[in-house]
Amino acid sequence: MASDQARMLEFAKSEPAWPRPPLWSMGLGLAVAAFLLAYPFVFTSPFSHHLVILILLYALMAQSWNVVAGLSGQISLGHAIFFGIGAYSSTVLFVKYGITPWIGLVVGIVLSALAAVAIGVPTLRLRGHYFAIATLLIGSSVQIIVQRWDWVGAASGLYIPIDRTSPWLYLQFHTSKIPYYYLALGATVAGYGLVWLLRRSRFGFRLQALRDEPDAAASLGIAIARHKVLAFMISAAMMSVAGTFYAQYVLVLDPERLLSSEISIIVLLMTVLGGSGTLWGPALGAAILIPLSEYSRIWFGGTGRTIDLIIYGVLILAVCMWRPSGILSLFEEGIRRRKGGAT
Amino acid sequence: MSLLLDVKGVTKRYGGLAANADITFDVNEGEILGIIGPNGAGKSTLFDLITGFQPLDAGRVHLDGHDITGRRPDIIAGLGVARTFQKLKPFTDLTVTENVMVGALARTSSMKVARDAALEALAFVDLLEKRNHFARELSTGQRKRLELARGLAMRPRIILMDEVTGGVDQRTIPGLVDLVLDLKSRGVTIVTIEHNMQVMMRISDRILALHAGRRIAFGKPEAVRSDPKVVDAYLGGTADAA
C-alpha cells in the first residue's frame, strides 16, 4: 500500500507540469498562425486589412482587461483611461516635440503603469462592485478633464502631422496598411505571450488564487492588495500599447474616440463573450464583435452604431444564460483536464 | 517543550457582544491543542484574531517570542502560521495540484519545486488520485483534505485547523484523525477546533474550553473533561456517556 502510494507519487512527479494540448488544438493553432501571417497577401483590400488590424488591437485590449478581471477578479470599467494615455503620450510627444512614437510608446507604458498605481492603491482595497464603480467614475472624469485641456487639443483633439521621411521611425505608412497589420500582430502576439507566461508563473497562480478566494489566498501568504495593484499595472501597460498603435493608425485622436467609457465596456463584452479568465477568450470575443460592428456600420451607415450594440447585448445575454464562462469554455475545460488524471 | 504560540488577554467585541473576552492560552512546539465549545463560543473568531483576519480590541499574540498582534494575514502566514477555514475555501477554478501549489509557492518561487512539494502534500493527505481534477469537483471530505494539504505545503510551524471532521461522512473521520496524528509525529504543531469530543479527548495534549466568548477551562483533557464548568456549559449531563 505504502509502496503503491510512493509509486504513484513518483509517477505524478514525472508527469509534464502542463498537459500537452490535444492534437486538434495544436493543429488549429498552427492553422490560425499561418492564416494570420499570410492574411494581408491573401486578402488584399484595404478594408480586409483594416478589419483584422482592429480585431488584433481589440484582442490585445480585451486581453489587457482580462488580466485584471479574469486573473485577479476585479471588474474595471475605466480601462479607456490607459488606452487614452498610450495614444496621447505618443501623439503629444510627436506633435509638440517631434519625438518618435516608439519613445512615446514607452512613455505611455510608464505613465499608464503609474496611473494604475494612483488609481489602484486606493480603490483595489474595495471589495465587490466598488472597484467597478470607482473606475467608471474616474474614467468619465478623465474624459471630461481632457475635453477641457487645451494643451492636448481639448474636445477637438489632435491630428498627427503627416511625415513621409521615415515610416518606421515615425510609425506612419501612407501607401499600405500592411506594416500596421504586422505591427498590430506583433503587439498582440507579444501581449498574449506575456499573459501566457504570466498564467504559468508564481504571480499568475497567486492572482488566480486571490480571485477565487481572497481569504484563503491571504492565509497562504499572498499580499492581496499588492498583487492586485501589480496586475492592474501590467494590464494598464498593455492597454497603453494598443492606444499608441491605434493613434498611429488613425492619425487623429480626441477624447470621444479614445477615452469614452464605451471602449471600457466593449473590451469587457469581448472578454466575457469569449471567456473571461481564459487565454484565448478575449481574442475570440474580439474576432466576433469587431466584424459585427464594422459590418453593421457599413450596412446601416450612421445608424449602425446602435444596431451593433443591440446585437452585442443579445449575444451577451445569450452567453450569460447558457454559457456564463464564455464561448471558449466549451473547449477549454476539456483541454485543461488531463485525460489520464480525470477518473 | 518550548513555547510557540502565546495568546494573552485576547478580546473582540461586536457592539455589546464579546465574541472573545480576555482569552489567554499558549501552545507548545509539537503539541496538539484542542479547542472546544458550543456553537457561538468564539472558537473561529479566535482563529481569525490570531491569524490577522479580524482586528482585535485588546490582547497580544506572540509567535515564538515575536509580537504578531494585528499583523496582516499574509504576513502572519509568511511567519509560519497556516490555517484552514470552517467554511471551505478551495480555489475552485484551479486543479487540485494547482491549489496546493499556491501554498507551496509561499516558500519557493520555483514552479517545479512547488509542484513536487504540492504532490507530496497531496500524497500525505491521500488525495493524489484527484490531482488533476478541478477543486470544485471534490466532495466535502476531499476538500478538507485539500485545504489541509494546501496549508501543509507552506511547511508551517503551526497549523490552525477549523473543524477538520465537521460535516464529513462518519466513515472518513478515522482517516482524518490519523492524518492529524501523523502530522504531529512529523513535528507540526497543531491547534484544532472540533465538535467531536471523542476525537478531541483522544488526540489532544491539552484542551482549551470556551463558552460564550470566555475561557472556562484550559489544561489536560482529563482535567478539562471533569471540570464542572465544562460539564455544565458544554457537555451538559452527557459527560459520563461520552
# chains A, B, ... in the order shown; residues from 1 in each chain; ligands from 1
call {"tool": "closest_atom_pairs", "arguments": {"of": "chain A", "to": "chain B", "cutoff": "6 Å", "atoms": "only C-alpha atoms", "output": "CSV"}}
result
residue,atom,partner,partner_atom,distance
A:Ala209,CA,B:Phe91,CA,5.7
A:Asp212,CA,B:Phe91,CA,5.1
A:Ala218,CA,B:Asp74,CA,4.7
A:Ser219,CA,B:Ala77,CA,5.7
A:Leu220,CA,B:Gly103,CA,5.4
A:Gly221,CA,B:Asp74,CA,3.8
A:Ile222,CA,B:Asp74,CA,5.3
A:Ala223,CA,B:Asp74,CA,5.6
A:Gly341,CA,B:Asn132,CA,5.2
call {"tool": "select_by_dssp", "arguments": {"residues": "range 169-342 of chain A", "states": "helix (DSSP H, G or I)", "output": "CSV table (one decimal) with N, CA and C atoms, in the first residue's frame"}}
result
chain,number,residue,atom,x,y,z
A,169,LEU,N,10.4,54.9,-38.4
A,169,LEU,CA,10.8,55.7,-37.2
A,169,LEU,C,9.5,56.5,-36.7
A,170,TYR,N,8.7,57.0,-37.6
A,170,TYR,CA,7.6,57.8,-37.2
A,170,TYR,C,6.3,57.0,-37.2
A,178,ILE,N,-0.4,47.3,-44.7
A,178,ILE,CA,0.3,46.0,-44.3
A,178,ILE,C,1.3,46.2,-43.1
A,179,PRO,N,2.1,47.3,-43.1
A,179,PRO,CA,3.0,47.4,-42.0
A,179,PRO,C,2.2,47.6,-40.7
A,180,TYR,N,1.1,48.3,-40.7
A,180,TYR,CA,0.3,48.4,-39.5
A,180,TYR,C,-0.2,47.0,-39.1
A,181,TYR,N,-0.6,46.3,-40.1
A,181,TYR,CA,-1.1,44.9,-39.8
A,181,TYR,C,-0.1,44.1,-39.0
A,182,TYR,N,1.2,44.1,-39.5
A,182,TYR,CA,2.2,43.3,-38.8
A,182,TYR,C,2.6,43.9,-37.5
A,183,LEU,N,2.5,45.2,-37.4
A,183,LEU,CA,2.8,45.9,-36.1
A,183,LEU,C,1.7,45.4,-35.0
A,184,ALA,N,0.5,45.5,-35.5
A,184,ALA,CA,-0.6,45.1,-34.6
A,184,ALA,C,-0.5,43.6,-34.2
A,185,LEU,N,-0.2,42.8,-35.2
A,185,LEU,CA,0.0,41.4,-35.0
A,185,LEU,C,1.1,41.1,-34.0
A,186,GLY,N,2.2,41.9,-34.2
A,186,GLY,CA,3.4,41.7,-33.3
A,186,GLY,C,3.0,42.1,-31.8
A,187,ALA,N,2.4,43.2,-31.7
A,187,ALA,CA,2.0,43.7,-30.4
A,187,ALA,C,1.0,42.7,-29.7
A,188,THR,N,0.1,42.2,-30.5
A,188,THR,CA,-0.9,41.3,-29.9
A,188,THR,C,-0.3,40.0,-29.5
A,189,VAL,N,0.6,39.5,-30.4
A,189,VAL,CA,1.3,38.2,-30.1
A,189,VAL,C,2.1,38.4,-28.8
A,190,ALA,N,2.8,39.6,-28.7
A,190,ALA,CA,3.6,39.8,-27.5
A,190,ALA,C,2.8,39.9,-26.3
A,191,GLY,N,1.6,40.5,-26.4
A,191,GLY,CA,0.7,40.6,-25.2
A,191,GLY,C,0.2,39.3,-24.8
A,192,TYR,N,-0.2,38.5,-25.8
A,192,TYR,CA,-0.7,37.1,-25.5
A,192,TYR,C,0.4,36.2,-24.9
A,193,GLY,N,1.6,36.4,-25.5
A,193,GLY,CA,2.8,35.6,-24.9
A,193,GLY,C,3.0,36.0,-23.5
A,194,LEU,N,3.0,37.3,-23.2
A,194,LEU,CA,3.2,37.8,-21.8
A,194,LEU,C,2.2,37.1,-20.9
A,195,VAL,N,0.9,37.1,-21.3
A,195,VAL,CA,-0.1,36.6,-20.4
A,195,VAL,C,0.0,35.1,-20.3
A,196,TRP,N,0.4,34.5,-21.4
A,196,TRP,CA,0.6,33.0,-21.3
A,196,TRP,C,1.7,32.7,-20.3
A,197,LEU,N,2.8,33.4,-20.3
A,197,LEU,CA,3.8,33.2,-19.3
A,197,LEU,C,3.3,33.6,-17.9
A,198,LEU,N,2.6,34.7,-17.8
A,198,LEU,CA,2.0,35.1,-16.5
A,198,LEU,C,1.2,34.0,-15.9
A,199,ARG,N,0.3,33.4,-16.7
A,199,ARG,CA,-0.6,32.4,-16.1
A,199,ARG,C,0.1,31.2,-15.6
A,202,ARG,N,4.4,32.0,-10.8
A,202,ARG,CA,4.0,32.1,-9.4
A,202,ARG,C,3.0,33.2,-9.3
A,203,PHE,N,3.3,34.4,-9.9
A,203,PHE,CA,2.5,35.5,-9.7
A,203,PHE,C,1.1,35.2,-10.3
A,204,GLY,N,1.0,34.6,-11.4
A,204,GLY,CA,-0.3,34.3,-12.1
A,204,GLY,C,-1.1,33.3,-11.2
A,205,PHE,N,-0.4,32.3,-10.6
A,205,PHE,CA,-1.1,31.4,-9.7
A,205,PHE,C,-1.7,32.1,-8.6
A,206,ARG,N,-0.9,33.0,-8.0
A,206,ARG,CA,-1.4,33.7,-6.8
A,206,ARG,C,-2.5,34.6,-7.2
A,207,LEU,N,-2.5,35.2,-8.4
A,207,LEU,CA,-3.7,36.1,-8.8
A,207,LEU,C,-4.9,35.2,-8.9
A,208,GLN,N,-4.8,34.1,-9.5
A,208,GLN,CA,-6.0,33.2,-9.7
A,208,GLN,C,-6.5,32.7,-8.3
A,209,ALA,N,-5.6,32.5,-7.4
A,209,ALA,CA,-6.0,32.1,-6.1
A,209,ALA,C,-6.8,33.2,-5.4
A,210,LEU,N,-6.2,34.4,-5.4
A,210,LEU,CA,-6.9,35.5,-4.7
A,210,LEU,C,-8.2,35.9,-5.4
A,211,ARG,N,-8.3,35.6,-6.7
A,211,ARG,CA,-9.6,35.8,-7.5
A,211,ARG,C,-10.6,34.9,-6.9
A,212,ASP,N,-10.3,33.6,-6.7
A,212,ASP,CA,-11.3,32.6,-6.3
A,212,ASP,C,-11.6,32.8,-4.8
A,214,PRO,N,-10.1,35.2,-1.7
A,214,PRO,CA,-9.1,36.1,-1.2
A,214,PRO,C,-8.7,35.7,0.2
A,215,ASP,N,-9.6,35.3,1.1
A,215,ASP,CA,-9.2,34.9,2.4
A,215,ASP,C,-8.2,33.8,2.4
A,216,ALA,N,-8.6,32.7,1.7
A,216,ALA,CA,-7.7,31.6,1.6
A,216,ALA,C,-6.3,32.0,1.1
A,217,ALA,N,-6.3,32.9,0.1
A,217,ALA,CA,-5.1,33.3,-0.5
A,217,ALA,C,-4.2,34.0,0.5
A,218,ALA,N,-4.8,34.9,1.3
A,218,ALA,CA,-4.1,35.6,2.3
A,218,ALA,C,-3.5,34.7,3.3
A,219,SER,N,-4.3,33.6,3.7
A,219,SER,CA,-3.9,32.6,4.6
A,219,SER,C,-2.7,31.8,4.1
A,224,ILE,N,-2.6,40.5,-0.8
A,224,ILE,CA,-3.7,40.7,-1.8
A,224,ILE,C,-3.6,42.0,-2.5
A,225,ALA,N,-3.5,43.1,-1.7
A,225,ALA,CA,-3.6,44.4,-2.3
A,225,ALA,C,-2.4,44.6,-3.3
A,226,ARG,N,-1.2,44.2,-2.9
A,226,ARG,CA,0.0,44.4,-3.7
A,226,ARG,C,-0.2,43.6,-5.0
A,227,HIS,N,-0.7,42.4,-5.0
A,227,HIS,CA,-0.8,41.6,-6.2
A,227,HIS,C,-1.8,42.2,-7.1
A,228,LYS,N,-2.9,42.7,-6.5
A,228,LYS,CA,-4.0,43.3,-7.4
A,228,LYS,C,-3.4,44.6,-8.1
A,229,VAL,N,-2.7,45.4,-7.4
A,229,VAL,CA,-2.1,46.6,-8.0
A,229,VAL,C,-1.2,46.3,-9.1
A,230,LEU,N,-0.3,45.2,-8.8
A,230,LEU,CA,0.7,44.8,-9.8
A,230,LEU,C,-0.1,44.3,-11.1
A,231,ALA,N,-1.1,43.6,-10.9
A,231,ALA,CA,-1.9,43.1,-12.1
A,231,ALA,C,-2.5,44.2,-12.8
A,232,PHE,N,-3.0,45.2,-12.1
A,232,PHE,CA,-3.6,46.4,-12.7
A,232,PHE,C,-2.5,47.2,-13.5
A,233,MET,N,-1.3,47.2,-13.0
A,233,MET,CA,-0.2,47.9,-13.7
A,233,MET,C,0.1,47.2,-15.0
A,234,ILE,N,0.2,45.9,-15.0
A,234,ILE,CA,0.5,45.1,-16.2
A,234,ILE,C,-0.6,45.3,-17.2
A,235,SER,N,-1.8,45.3,-16.7
A,235,SER,CA,-2.9,45.4,-17.6
A,235,SER,C,-2.9,46.8,-18.3
A,236,ALA,N,-2.7,47.9,-17.4
A,236,ALA,CA,-2.7,49.2,-17.9
A,236,ALA,C,-1.6,49.4,-19.0
A,237,ALA,N,-0.4,48.8,-18.8
A,237,ALA,CA,0.7,48.9,-19.7
A,237,ALA,C,0.3,48.3,-21.1
A,238,MET,N,-0.4,47.1,-21.0
A,238,MET,CA,-0.8,46.5,-22.3
A,238,MET,C,-1.8,47.4,-23.0
A,239,MET,N,-2.7,47.9,-22.3
A,239,MET,CA,-3.8,48.8,-22.9
A,239,MET,C,-3.1,50.0,-23.6
A,240,SER,N,-2.1,50.5,-22.9
A,240,SER,CA,-1.4,51.7,-23.4
A,240,SER,C,-0.7,51.4,-24.7
A,241,VAL,N,-0.2,50.3,-24.9
A,241,VAL,CA,0.5,49.9,-26.1
A,241,VAL,C,-0.5,49.9,-27.3
A,242,ALA,N,-1.7,49.3,-27.0
A,242,ALA,CA,-2.8,49.3,-28.0
A,242,ALA,C,-3.2,50.8,-28.3
A,243,GLY,N,-3.2,51.7,-27.3
A,243,GLY,CA,-3.5,53.1,-27.5
A,243,GLY,C,-2.6,53.8,-28.5
A,244,THR,N,-1.3,53.6,-28.2
A,244,THR,CA,-0.3,54.2,-29.1
A,244,THR,C,-0.4,53.7,-30.5
A,245,PHE,N,-0.5,52.4,-30.7
A,245,PHE,CA,-0.6,51.9,-32.1
A,245,PHE,C,-1.9,52.4,-32.8
A,246,TYR,N,-3.0,52.4,-32.0
A,246,TYR,CA,-4.2,52.9,-32.6
A,246,TYR,C,-4.1,54.3,-33.0
A,247,ALA,N,-3.5,55.2,-32.2
A,247,ALA,CA,-3.4,56.6,-32.6
A,247,ALA,C,-2.5,56.7,-33.8
A,248,GLN,N,-1.5,55.9,-33.9
A,248,GLN,CA,-0.6,56.0,-35.1
A,248,GLN,C,-1.3,55.5,-36.3
A,249,TYR,N,-2.3,54.6,-36.1
A,249,TYR,CA,-3.0,54.0,-37.2
A,249,TYR,C,-4.1,55.0,-37.8
A,250,VAL,N,-4.8,55.6,-36.9
A,250,VAL,CA,-5.8,56.5,-37.4
A,250,VAL,C,-5.3,58.0,-37.5
A,255,PRO,N,-10.9,63.0,-27.3
A,255,PRO,CA,-11.3,62.3,-26.1
A,255,PRO,C,-12.5,61.4,-26.3
A,256,GLU,N,-13.4,61.7,-27.3
A,256,GLU,CA,-14.5,60.9,-27.5
A,256,GLU,C,-14.1,59.5,-28.1
A,257,ARG,N,-13.1,59.6,-29.0
A,257,ARG,CA,-12.7,58.3,-29.6
A,257,ARG,C,-11.8,57.5,-28.7
A,258,LEU,N,-11.0,58.1,-27.8
A,258,LEU,CA,-10.0,57.4,-27.1
A,258,LEU,C,-10.3,57.2,-25.6
A,261,SER,N,-16.1,55.8,-22.2
A,261,SER,CA,-16.3,54.6,-21.4
A,261,SER,C,-16.8,53.4,-22.3
A,262,GLU,N,-17.3,53.8,-23.5
A,262,GLU,CA,-17.7,52.7,-24.4
A,262,GLU,C,-16.6,51.7,-24.7
A,263,ILE,N,-15.4,52.3,-24.8
A,263,ILE,CA,-14.2,51.4,-25.0
A,263,ILE,C,-14.0,50.4,-23.8
A,264,SER,N,-14.2,51.0,-22.6
A,264,SER,CA,-14.0,50.1,-21.4
A,264,SER,C,-15.1,49.0,-21.4
A,265,ILE,N,-16.3,49.4,-21.9
A,265,ILE,CA,-17.4,48.4,-21.9
A,265,ILE,C,-17.2,47.4,-23.0
A,266,ILE,N,-16.7,47.8,-24.2
A,266,ILE,CA,-16.5,46.9,-25.3
A,266,ILE,C,-15.5,45.8,-25.0
A,267,VAL,N,-14.4,46.2,-24.3
A,267,VAL,CA,-13.4,45.2,-24.0
A,267,VAL,C,-13.9,44.2,-23.0
A,268,LEU,N,-14.8,44.7,-22.1
A,268,LEU,CA,-15.4,43.8,-21.1
A,268,LEU,C,-16.3,42.8,-21.9
A,269,LEU,N,-17.1,43.4,-22.8
A,269,LEU,CA,-18.1,42.5,-23.5
A,269,LEU,C,-17.3,41.4,-24.3
A,270,MET,N,-16.2,41.8,-25.0
A,270,MET,CA,-15.4,40.9,-25.8
A,270,MET,C,-14.9,39.7,-24.9
A,271,THR,N,-14.4,40.1,-23.7
A,271,THR,CA,-13.8,39.1,-22.8
A,271,THR,C,-14.8,38.2,-22.3
A,272,VAL,N,-15.9,38.8,-21.8
A,272,VAL,CA,-17.0,38.0,-21.2
A,272,VAL,C,-17.5,37.0,-22.3
A,273,LEU,N,-17.7,37.5,-23.5
A,273,LEU,CA,-18.3,36.7,-24.6
A,273,LEU,C,-17.3,35.5,-24.9
A,274,GLY,N,-16.1,35.8,-25.1
A,274,GLY,CA,-15.1,34.8,-25.4
A,274,GLY,C,-14.8,33.9,-24.3
A,281,GLY,N,-10.0,33.5,-24.9
A,281,GLY,CA,-11.3,34.1,-24.9
A,281,GLY,C,-11.4,35.5,-25.4
A,282,PRO,N,-10.5,36.4,-24.9
A,282,PRO,CA,-10.6,37.8,-25.4
A,282,PRO,C,-10.4,37.9,-26.9
A,283,ALA,N,-9.5,37.1,-27.5
A,283,ALA,CA,-9.2,37.1,-28.9
A,283,ALA,C,-10.5,36.6,-29.7
A,284,LEU,N,-11.1,35.6,-29.1
A,284,LEU,CA,-12.3,35.1,-29.8
A,284,LEU,C,-13.4,36.1,-29.7
A,285,GLY,N,-13.6,36.8,-28.6
A,285,GLY,CA,-14.6,37.8,-28.4
A,285,GLY,C,-14.3,38.9,-29.4
A,286,ALA,N,-13.1,39.4,-29.6
A,286,ALA,CA,-12.8,40.4,-30.5
A,286,ALA,C,-13.0,40.0,-31.9
A,287,ALA,N,-12.7,38.8,-32.2
A,287,ALA,CA,-12.9,38.3,-33.6
A,287,ALA,C,-14.4,38.2,-33.9
A,288,ILE,N,-15.2,38.1,-32.9
A,288,ILE,CA,-16.7,38.0,-33.2
A,288,ILE,C,-17.3,39.4,-33.2
A,289,LEU,N,-16.9,40.3,-32.3
A,289,LEU,CA,-17.6,41.6,-32.1
A,289,LEU,C,-17.1,42.6,-33.1
A,290,ILE,N,-15.8,42.6,-33.4
A,290,ILE,CA,-15.3,43.7,-34.3
A,290,ILE,C,-16.0,43.6,-35.7
A,291,PRO,N,-15.9,42.4,-36.4
A,291,PRO,CA,-16.6,42.3,-37.7
A,291,PRO,C,-18.1,42.7,-37.6
A,292,LEU,N,-18.7,42.3,-36.5
A,292,LEU,CA,-20.1,42.6,-36.2
A,292,LEU,C,-20.3,44.1,-36.3
A,293,SER,N,-19.5,44.9,-35.6
A,293,SER,CA,-19.7,46.3,-35.5
A,293,SER,C,-19.2,47.0,-36.8
A,294,GLU,N,-18.2,46.5,-37.4
A,294,GLU,CA,-17.7,47.1,-38.7
A,294,GLU,C,-18.8,46.8,-39.8
A,295,TYR,N,-19.3,45.6,-39.9
A,295,TYR,CA,-20.2,45.4,-41.0
A,295,TYR,C,-21.6,46.1,-40.7
A,296,SER,N,-21.9,46.2,-39.4
A,296,SER,CA,-23.2,46.9,-39.2
A,296,SER,C,-23.0,48.3,-39.5
A,297,ARG,N,-21.8,48.9,-39.3
A,297,ARG,CA,-21.5,50.2,-39.7
A,297,ARG,C,-21.7,50.4,-41.2
A,298,ILE,N,-21.2,49.4,-41.9
A,298,ILE,CA,-21.3,49.5,-43.4
A,298,ILE,C,-22.7,49.4,-43.9
A,299,TRP,N,-23.4,48.4,-43.3
A,299,TRP,CA,-24.7,48.1,-43.8
A,299,TRP,C,-25.8,49.1,-43.4
A,300,PHE,N,-25.6,49.6,-42.2
A,300,PHE,CA,-26.7,50.5,-41.7
A,300,PHE,C,-26.2,52.0,-41.7
A,301,GLY,N,-25.0,52.2,-42.1
A,301,GLY,CA,-24.5,53.6,-42.1
A,301,GLY,C,-24.4,54.1,-40.7
A,302,GLY,N,-24.7,55.4,-40.6
A,302,GLY,CA,-24.6,56.1,-39.3
A,302,GLY,C,-25.5,55.4,-38.2
A,303,THR,N,-26.6,54.9,-38.6
A,303,THR,CA,-27.5,54.3,-37.6
A,303,THR,C,-26.9,53.0,-37.0
A,304,GLY,N,-25.9,52.4,-37.8
A,304,GLY,CA,-25.3,51.1,-37.4
A,304,GLY,C,-24.7,51.1,-36.0
A,305,ARG,N,-24.3,52.3,-35.6
A,305,ARG,CA,-23.6,52.4,-34.3
A,305,ARG,C,-24.5,51.8,-33.2
A,306,THR,N,-25.7,52.0,-33.3
A,306,THR,CA,-26.6,51.5,-32.2
A,306,THR,C,-27.0,50.0,-32.4
A,307,ILE,N,-27.1,49.7,-33.7
A,307,ILE,CA,-27.5,48.3,-34.0
A,307,ILE,C,-26.5,47.3,-33.5
A,308,ASP,N,-25.2,47.6,-33.7
A,308,ASP,CA,-24.2,46.7,-33.3
A,308,ASP,C,-24.3,46.5,-31.7
A,309,LEU,N,-24.6,47.6,-31.0
A,309,LEU,CA,-24.7,47.4,-29.6
A,309,LEU,C,-25.9,46.6,-29.2
A,310,ILE,N,-27.0,46.6,-30.0
A,310,ILE,CA,-28.1,45.8,-29.7
A,310,ILE,C,-27.7,44.3,-29.9
A,311,ILE,N,-27.0,44.0,-31.0
A,311,ILE,CA,-26.6,42.7,-31.2
A,311,ILE,C,-25.6,42.2,-30.1
A,312,TYR,N,-24.7,43.1,-29.7
A,312,TYR,CA,-23.8,42.8,-28.6
A,312,TYR,C,-24.6,42.3,-27.4
A,313,GLY,N,-25.6,43.2,-27.1
A,313,GLY,CA,-26.5,42.9,-25.9
A,313,GLY,C,-27.1,41.6,-26.0
A,314,VAL,N,-27.6,41.2,-27.2
A,314,VAL,CA,-28.3,39.9,-27.3
A,314,VAL,C,-27.3,38.8,-27.1
A,315,LEU,N,-26.1,39.0,-27.7
A,315,LEU,CA,-25.1,37.9,-27.6
A,315,LEU,C,-24.7,37.7,-26.1
A,316,ILE,N,-24.5,38.8,-25.4
A,316,ILE,CA,-24.0,38.8,-24.0
A,316,ILE,C,-25.1,38.1,-23.2
A,317,LEU,N,-26.4,38.5,-23.5
A,317,LEU,CA,-27.5,37.9,-22.8
A,317,LEU,C,-27.5,36.3,-23.0
A,318,ALA,N,-27.3,36.0,-24.2
A,318,ALA,CA,-27.3,34.5,-24.6
A,318,ALA,C,-26.1,33.8,-23.8
A,319,VAL,N,-24.9,34.5,-23.8
A,319,VAL,CA,-23.8,33.8,-23.1
A,319,VAL,C,-24.1,33.7,-21.6
A,320,CYS,N,-24.6,34.8,-21.1
A,320,CYS,CA,-24.9,34.8,-19.6
A,320,CYS,C,-25.9,33.7,-19.3
A,321,MET,N,-26.8,33.5,-20.1
A,321,MET,CA,-27.9,32.5,-19.8
A,321,MET,C,-27.4,31.1,-20.0
A,322,TRP,N,-26.6,30.8,-21.1
A,322,TRP,CA,-26.3,29.4,-21.4
A,322,TRP,C,-24.9,29.1,-21.2
A,329,SER,N,-15.1,28.3,-23.1
A,329,SER,CA,-15.2,27.3,-22.1
A,329,SER,C,-15.7,26.0,-22.6
A,330,LEU,N,-16.4,26.1,-23.8
A,330,LEU,CA,-16.9,24.8,-24.4
A,330,LEU,C,-15.8,23.9,-24.7
A,331,PHE,N,-14.6,24.5,-25.0
A,331,PHE,CA,-13.5,23.6,-25.4
A,331,PHE,C,-12.4,23.6,-24.3
A,332,GLU,N,-12.2,24.7,-23.6
A,332,GLU,CA,-11.0,24.8,-22.8
A,332,GLU,C,-11.0,23.8,-21.6
A,333,GLU,N,-12.2,23.6,-21.0
A,333,GLU,CA,-12.2,22.7,-19.9
A,333,GLU,C,-11.6,21.3,-20.2
A,334,GLY,N,-12.0,20.9,-21.4
A,334,GLY,CA,-11.5,19.6,-21.8
A,334,GLY,C,-10.0,19.6,-22.0
A,335,ILE,N,-9.5,20.7,-22.4
A,335,ILE,CA,-8.1,20.8,-22.7
A,335,ILE,C,-7.3,20.8,-21.4
A,336,ARG,N,-7.8,21.6,-20.4
A,336,ARG,CA,-7.0,21.7,-19.2
A,336,ARG,C,-7.0,20.4,-18.3
call {"tool": "atom_distance", "arguments": {"atom1": "CA of Ile159 in chain B", "atom2": "CA of Arg125 in chain A"}}
result
27.3 Å
call {"tool": "atom_distance", "arguments": {"atom1": "CA of Asp227 in chain B", "atom2": "CA of Ile35 in chain B"}}
result
14.8 Å
call {"tool": "closest_residue", "arguments": {"among": "A:Ala38, A:Leu124, A:Ile85, A:Ala33", "to": "Gly73 in chain A", "atoms": "only C-alpha atoms"}}
result
A:Leu124
